[in-house]
Structures are given as C-alpha cells and as structure tokens.
file my_file.tsv (TSV, C-alpha atoms)
chain	number	residue	atom	x	y	z
A	1	MET	CA	-7.99	18.63	-12.33
A	2	SER	CA	-7.13	17.21	-8.92
A	3	ALA	CA	-3.69	17.92	-7.48
A	4	GLY	CA	-3.06	14.24	-6.84
A	5	LEU	CA	-4.59	10.81	-6.44
A	6	ILE	CA	-4.61	8.54	-3.39
A	7	ILE	CA	-5.52	4.88	-3.93
A	8	PHE	CA	-6.49	2.85	-0.86
A	9	LEU	CA	-5.75	-0.88	-0.99
A	10	HIS	CA	-7.64	-3.00	1.52
A	11	GLY	CA	-6.62	-6.10	3.43
A	12	VAL	CA	-7.53	-9.69	2.70
A	13	GLY	CA	-11.20	-10.53	3.19
A	14	SER	CA	-12.25	-6.90	3.14
A	15	GLN	CA	-13.51	-4.54	0.41
A	16	GLY	CA	-12.78	-1.07	-0.86
A	17	ALA	CA	-15.89	0.11	0.99
A	18	SER	CA	-14.09	-0.55	4.27
A	19	PHE	CA	-12.29	2.75	3.68
A	20	ALA	CA	-15.55	4.74	3.35
A	21	SER	CA	-15.26	6.63	6.65
A	22	LEU	CA	-11.55	7.26	6.15
A	23	MET	CA	-12.16	8.56	2.63
A	24	ALA	CA	-14.85	10.89	3.93
A	25	GLN	CA	-12.40	12.25	6.50
A	26	TRP	CA	-9.57	12.61	4.00
A	27	GLY	CA	-11.90	14.12	1.42
A	28	ALA	CA	-12.60	16.89	3.90
A	29	ASP	CA	-8.98	17.26	5.03
A	30	LEU	CA	-7.46	17.02	1.53
A	31	PRO	CA	-10.17	18.42	-0.76
A	32	THR	CA	-7.93	18.98	-3.78
A	33	LEU	CA	-6.96	15.30	-4.00
A	34	ALA	CA	-8.85	12.53	-5.79
A	35	LEU	CA	-9.50	9.35	-3.79
A	36	ALA	CA	-10.14	5.78	-4.92
A	37	ALA	CA	-10.64	2.51	-3.05
A	38	PRO	CA	-11.05	-0.42	-5.47
A	39	ASP	CA	-12.08	-3.93	-4.54
A	40	ALA	CA	-9.39	-6.55	-4.94
A	41	PRO	CA	-9.99	-8.66	-8.07
A	42	PHE	CA	-10.52	-12.05	-6.43
A	43	THR	CA	-13.23	-13.45	-4.18
A	44	PHE	CA	-11.95	-14.23	-0.69
A	45	ASP	CA	-11.47	-17.95	-0.18
A	46	LEU	CA	-13.12	-17.96	3.23
A	47	ALA	CA	-16.11	-15.64	2.71
A	48	PRO	CA	-18.02	-14.81	-0.50
A	49	ASN	CA	-18.51	-11.15	0.40
A	50	GLY	CA	-14.81	-10.49	0.93
A	51	ARG	CA	-12.10	-9.85	-1.64
A	52	GLN	CA	-8.42	-10.72	-1.84
A	53	TRP	CA	-5.39	-9.69	-3.88
A	54	PHE	CA	-4.05	-13.24	-3.65
A	55	SER	CA	-5.14	-16.39	-1.87
A	56	ILE	CA	-3.96	-17.03	1.67
A	57	LYS	CA	-5.36	-20.56	1.69
A	58	GLY	CA	-2.37	-22.77	2.42
A	59	VAL	CA	0.01	-19.83	2.14
A	60	THR	CA	3.52	-20.37	3.51
A	61	GLU	CA	6.79	-18.49	3.62
A	62	ALA	CA	7.88	-20.66	0.70
A	63	ASN	CA	4.93	-20.02	-1.63
A	64	ARG	CA	3.87	-16.48	-0.72
A	65	THR	CA	6.26	-14.86	-3.20
A	66	GLU	CA	5.00	-16.87	-6.18
A	67	ARG	CA	1.43	-15.96	-5.27
A	68	ILE	CA	2.32	-12.28	-5.28
A	69	VAL	CA	3.96	-12.60	-8.69
A	70	ALA	CA	0.93	-14.47	-10.05
A	71	ALA	CA	-1.36	-11.71	-8.71
A	72	ARG	CA	0.54	-8.86	-10.36
A	73	GLN	CA	-1.42	-8.67	-13.60
A	74	ALA	CA	-4.81	-8.48	-11.89
A	75	PHE	CA	-3.44	-5.95	-9.41
A	76	ASP	CA	-1.97	-3.85	-12.21
A	77	ASP	CA	-5.25	-3.93	-14.12
A	78	THR	CA	-7.10	-2.73	-11.03
A	79	LEU	CA	-4.61	0.06	-10.39
A	80	GLN	CA	-4.59	1.11	-14.04
A	81	SER	CA	-8.37	1.38	-14.02
A	82	CYS	CA	-8.30	3.72	-11.00
A	83	ILE	CA	-5.52	5.83	-12.47
A	84	SER	CA	-7.11	6.11	-15.90
A	85	GLU	CA	-10.52	6.96	-14.48
A	86	ALA	CA	-8.99	9.77	-12.42
A	87	GLY	CA	-6.91	11.06	-15.35
A	88	PHE	CA	-3.46	10.31	-13.93
A	89	GLU	CA	-2.07	8.01	-16.65
A	90	ASN	CA	0.89	10.31	-17.27
A	91	ARG	CA	1.06	11.70	-13.74
A	92	LEU	CA	2.27	8.80	-11.62
A	93	ASP	CA	4.48	11.21	-9.70
A	94	GLN	CA	1.22	12.60	-8.31
A	95	VAL	CA	-0.16	9.25	-7.14
A	96	VAL	CA	0.20	7.73	-3.67
A	97	LEU	CA	-0.79	4.21	-2.64
A	98	VAL	CA	-2.12	3.62	0.87
A	99	GLY	CA	-2.24	-0.06	1.77
A	100	PHE	CA	-3.33	-2.09	4.75
A	101	SER	CA	-2.01	-5.62	5.39
A	102	GLN	CA	-2.31	-7.56	2.11
A	103	GLY	CA	-2.92	-4.25	0.34
A	104	SER	CA	0.43	-3.07	1.70
A	105	ILE	CA	2.13	-6.22	0.44
A	106	MET	CA	0.88	-5.52	-3.07
A	107	ALA	CA	1.67	-1.80	-2.89
A	108	LEU	CA	5.27	-2.46	-1.83
A	109	ASP	CA	5.61	-5.09	-4.55
A	110	ALA	CA	4.33	-2.59	-7.11
A	111	VAL	CA	7.12	-0.14	-6.34
A	112	VAL	CA	10.11	-2.38	-5.59
A	113	SER	CA	9.51	-4.23	-8.84
A	114	GLY	CA	9.64	-0.91	-10.71
A	115	ARG	CA	6.20	-1.42	-12.26
A	116	TRP	CA	4.61	1.63	-10.60
A	117	PRO	CA	6.96	4.60	-10.01
A	118	VAL	CA	4.42	6.52	-7.94
A	119	ALA	CA	5.21	9.41	-5.60
A	120	GLY	CA	4.87	7.35	-2.47
A	121	VAL	CA	3.47	4.43	-0.54
A	122	ALA	CA	2.04	4.52	2.98
A	123	ALA	CA	1.98	0.88	4.07
A	124	PHE	CA	0.12	-0.08	7.23
A	125	SER	CA	0.78	-3.45	8.88
A	126	GLY	CA	2.46	-4.96	5.83
A	127	ARG	CA	5.55	-6.85	4.77
A	128	LEU	CA	7.90	-6.92	1.82
A	129	ALA	CA	7.42	-10.38	0.32
A	130	SER	CA	8.45	-9.72	-3.29
A	131	PRO	CA	11.07	-11.78	-5.11
A	132	PRO	CA	14.54	-10.21	-4.83
A	133	PHE	CA	14.69	-8.80	-8.33
A	134	TYR	CA	14.32	-5.14	-7.47
A	135	ALA	CA	14.23	-2.23	-9.90
A	136	PRO	CA	12.54	0.59	-7.98
A	137	SER	CA	12.28	4.25	-8.77
A	138	THR	CA	14.37	5.87	-6.07
A	139	GLY	CA	12.03	8.85	-6.30
A	140	THR	CA	9.25	6.86	-4.63
A	141	ARG	CA	9.03	7.64	-0.92
A	142	ILE	CA	7.98	4.93	1.53
A	143	LEU	CA	6.27	5.21	4.91
A	144	LEU	CA	5.91	2.00	6.92
A	145	ILE	CA	3.44	2.18	9.82
A	146	HIS	CA	3.28	-0.84	12.10
A	147	GLY	CA	2.03	-1.62	15.57
A	148	ASP	CA	4.49	-3.29	17.90
A	149	ALA	CA	1.71	-5.55	19.24
A	150	ASP	CA	0.54	-6.80	15.82
A	151	PRO	CA	-0.32	-10.51	16.18
A	152	ILE	CA	-0.98	-11.03	12.46
A	153	MET	CA	1.99	-9.34	10.83
A	154	PRO	CA	4.92	-9.23	13.27
A	155	VAL	CA	6.49	-5.81	13.69
A	156	GLN	CA	9.84	-7.29	12.61
A	157	GLU	CA	8.44	-7.32	9.07
A	158	ALA	CA	8.51	-3.52	9.06
A	159	HIS	CA	12.15	-3.45	10.13
A	160	VAL	CA	13.12	-6.02	7.50
A	161	ALA	CA	11.26	-4.13	4.77
A	162	ALA	CA	12.85	-0.83	5.78
A	163	GLN	CA	16.33	-2.33	5.71
A	164	ILE	CA	15.90	-3.93	2.29
A	165	MET	CA	14.32	-0.90	0.64
A	166	THR	CA	16.92	1.44	2.10
A	167	THR	CA	19.67	-0.86	0.80
A	168	ILE	CA	18.25	-0.70	-2.74
A	169	GLY	CA	18.29	3.10	-2.66
A	170	MET	CA	14.78	4.03	-1.58
A	171	THR	CA	13.90	6.69	1.00
A	172	VAL	CA	12.07	4.94	3.83
A	173	THR	CA	10.52	6.13	7.07
A	174	CYS	CA	9.47	3.47	9.56
A	175	ASP	CA	7.01	4.45	12.30
A	176	ILE	CA	6.42	1.86	15.00
A	177	LEU	CA	3.31	2.50	17.08
A	178	PRO	CA	3.44	1.29	20.69
A	179	ASP	CA	0.73	-1.07	21.95
A	180	VAL	CA	-1.04	-1.17	18.57
A	181	GLY	CA	-2.22	-4.38	16.94
A	182	HIS	CA	-3.24	-5.19	13.36
A	183	THR	CA	-5.39	-2.15	12.77
A	184	LEU	CA	-5.56	1.45	11.62
A	185	THR	CA	-5.34	4.01	14.39
A	186	THR	CA	-5.89	7.75	14.58
A	187	SER	CA	-2.19	8.36	15.14
A	188	GLY	CA	-1.23	6.19	12.18
A	189	ILE	CA	-3.76	7.86	9.91
A	190	THR	CA	-2.52	11.28	10.96
A	191	ARG	CA	1.05	10.25	10.24
A	192	ALA	CA	0.05	9.03	6.78
A	193	GLN	CA	-1.58	12.37	6.00
A	194	GLU	CA	1.53	14.21	7.14
A	195	PHE	CA	3.58	12.01	4.81
A	196	ILE	CA	1.27	12.53	1.83
A	197	ARG	CA	0.72	16.29	2.05
A	198	PRO	CA	4.22	17.35	0.93
A	199	LEU	CA	4.30	14.66	-1.76
A	200	LEU	CA	1.12	15.75	-3.49
A	201	LEU	CA	0.36	19.28	-2.35
A	202	SER	CA	3.63	21.18	-2.12
A	203	GLY	CA	5.99	19.45	-4.53
A	204	SER	CA	8.32	18.67	-1.63
A	205	PHE	CA	9.49	15.15	-0.90
A	206	ALA	CA	10.27	15.88	2.72
A	207	SER	CA	8.84	13.29	5.10
call {"tool": "encode", "arguments": {"input": "my_file.tsv", "output": "structure tokens"}}
result
Amino acid sequence: MSAGLIIFLHGVGSQGASFASLMAQWGADLPTLALAAPDAPFTFDLAPNGRQWFSIKGVTEANRTERIVAARQAFDDTLQSCISEAGFENRLDQVVLVGFSQGSIMALDAVVSGRWPVAGVAAFSGRLASPPFYAPSTGTRILLIHGDADPIMPVQEAHVAAQIMTTIGMTVTCDILPDVGHTLTTSGITRAQEFIRPLLLSGSFAS
C-alpha cells in the first residue's frame, strides 16, 4: 500500500498527460507515493484535443462562481475515481491535490467547500473563486505558488486567496516567485515537493 496519493489537476485546454514528465520525476523522488493525473471531464471549447473543468467561453467575474459550482459534481466524480482506484477512499488525510491554473481553482474549491478534507493542496497560478459559503477542514494545509509576472492569473489572486483562507481558519503558505509567468518552474516544483513530503511521508504538518 502506498504511503499517500498525489493527484495532479491540469489547466484549461490541457490534459492529464501534460504532467507525464513531472510524474516521472516525482515517481523517482517520492517512490512510496501513488500518483494520478486525470483528464478533466469536459472537452475544451476552443480545441477538441484539450479538456476543461469548466467552460471559459464568455466567462466573467460575475459568472465564474456559478460555473465552478455547476462543475463540482463532474469534478468530484473524477476525483473519486482516482481515489478509489488507488485505494484511498478512507484515507483522505493521505491525499494531496496539486493543481495548475484552472486545476488550482477546482482544488481550492474542493477544500474550502468542505467536500474534500484532504491533507493538502499545492496550487500553482490559481485563484479562489468559490462562493463564500465556506466549511473547510482546518487540517488541510494550503500552499499557493504564484509568479509575480503572471499575465493570465494576476499575482494579487494569490494574496486574496491566502487572506480569505487564513481568515476561515486554514493554514496557508504563499510563495511568490519573482519574474515568473503563468507556468511551472523548477523552483516552484521543488517547493511543492518540500510541502508534500512532511504531509504524506512523516506524519508532520510542518510546511
């Protein structure tokens, strides 16, 4: 039985396979952990080979939240499938979500809503766009990683998310990477591993 499970959640228009090289690296670095990278349930509006957690066609600040809520069931089904397949149905405290962009939005929604009391979330280049009806497990640790030169998801989104989640009783670390855009970097990936190791491999929640 694996010591823990990491589920990678891709950005809009991408696929789970986009994490292939990262999973190979992490599989070598963290060999006792199970890894999963599902495809989002919906076909991307703008390209048939891409996937999306919710549609960004015509998305606005006003309607983004309702789209996230509407996407919850399909997201939950996808997550449940990964967790069941890996044998972690009753071990959510040994599961970590790693999201990028839209994957981060859905991961943060999953925990602030209280639906998925996992051990932690490492959210790259995301935002907290959930409706303000929060019921999180305060045992879930959060790491926000965001480039200060992100042209897609402004870095202010990380600060706003950190403030809100701290206010509702969650433990949040916010790492701002200088001169980094909307992408994964070696330094960010290393930081995520450092965050995950104590959560899943030592029983410590230090981050």
call {"tool": "residues_around", "arguments": {"input": "my_file.tsv", "residues": "Asp39 (chain A)", "least_positions_apart": "3", "cutoff": "8 Å", "atoms": "only C-alpha atoms", "output": "short mmCIF file (atom, residue, chain, number, x, y, z; two decimals) with C-alpha atoms, keeping the file's coordinate frame"}}
result
data_model
loop_
_atom_site.label_atom_id
_atom_site.label_comp_id
_atom_site.auth_asym_id
_atom_site.auth_seq_id
_atom_site.Cartn_x
_atom_site.Cartn_y
_atom_site.Cartn_z
CA LEU A 9 -5.75 -0.88 -0.99
CA HIS A 10 -7.64 -3.00 1.52
CA GLN A 15 -13.51 -4.54 0.41
CA GLY A 16 -12.78 -1.07 -0.86
CA ALA A 17 -15.89 0.11 0.99
CA ARG A 51 -12.10 -9.85 -1.64
#
call {"tool": "atom_distance", "arguments": {"input": "my_file.tsv", "atom1": "CA of Ile105 (chain A)", "atom2": "CA of Gly11 (chain A)"}}
result
9.2 Å
call {"tool": "closest_residue", "arguments": {"input": "my_file.tsv", "among": "A:Ala161, A:Ala24, A:Val69, A:Ala34", "to": "Ile6 (chain A)", "atoms": "all atoms listed in the file"}}
result
A:Ala34
call {"tool": "closest_residue", "arguments": {"input": "my_file.tsv", "among": "A:Leu108, A:Val118, A:Ala149, A:Ala36", "to": "Asn90 (chain A)", "atoms": "only C-alpha atoms"}}
result
A:Val118
call {"tool": "atom_distance", "arguments": {"input": "my_file.tsv", "atom1": "CA of Ile68 (chain A)", "atom2": "CA of Asp109 (chain A)"}}
result
7.9 Å
call {"tool": "residues_around", "arguments": {"input": "my_file.tsv", "residues": "region 168-178 of chain A", "least_positions_apart": "5", "cutoff": "9 Å", "atoms": "all atoms listed in the file", "output": "ChimeraX atom specification"}}
result
/A:112,134-149,155,158-159,162-163,187-188,191,207
call {"tool": "atom_distance", "arguments": {"input": "my_file.tsv", "atom1": "CA of His182 (chain A)", "atom2": "CA of Ile152 (chain A)"}}
result
6.3 Å
call {"tool": "closest_residue", "arguments": {"input": "my_file.tsv", "among": "A:Ala123, A:Gln193, A:Ser2, A:Leu46", "to": "Met23 (chain A)", "atoms": "only C-alpha atoms"}}
result
A:Gln193
call {"tool": "closest_residue", "arguments": {"input": "my_file.tsv", "among": "A:Arg197, A:Arg127, A:Arg72, A:Arg67", "to": "Gln94 (chain A)", "atoms": "all atoms listed in the file"}}
result
A:Arg197
call {"tool": "closest_residue", "arguments": {"input": "my_file.tsv", "among": "A:Ala62, A:Ala122, A:Pro198, A:Thr190", "to": "Asp29 (chain A)", "atoms": "all atoms listed in the file"}}
result
A:Thr190
call {"tool": "closest_residue", "arguments": {"input": "my_file.tsv", "among": "A:Ala110, A:Ala37, A:Ala3, A:Leu22", "to": "Thr185 (chain A)", "atoms": "all atoms listed in the file"}}
result
A:Leu22
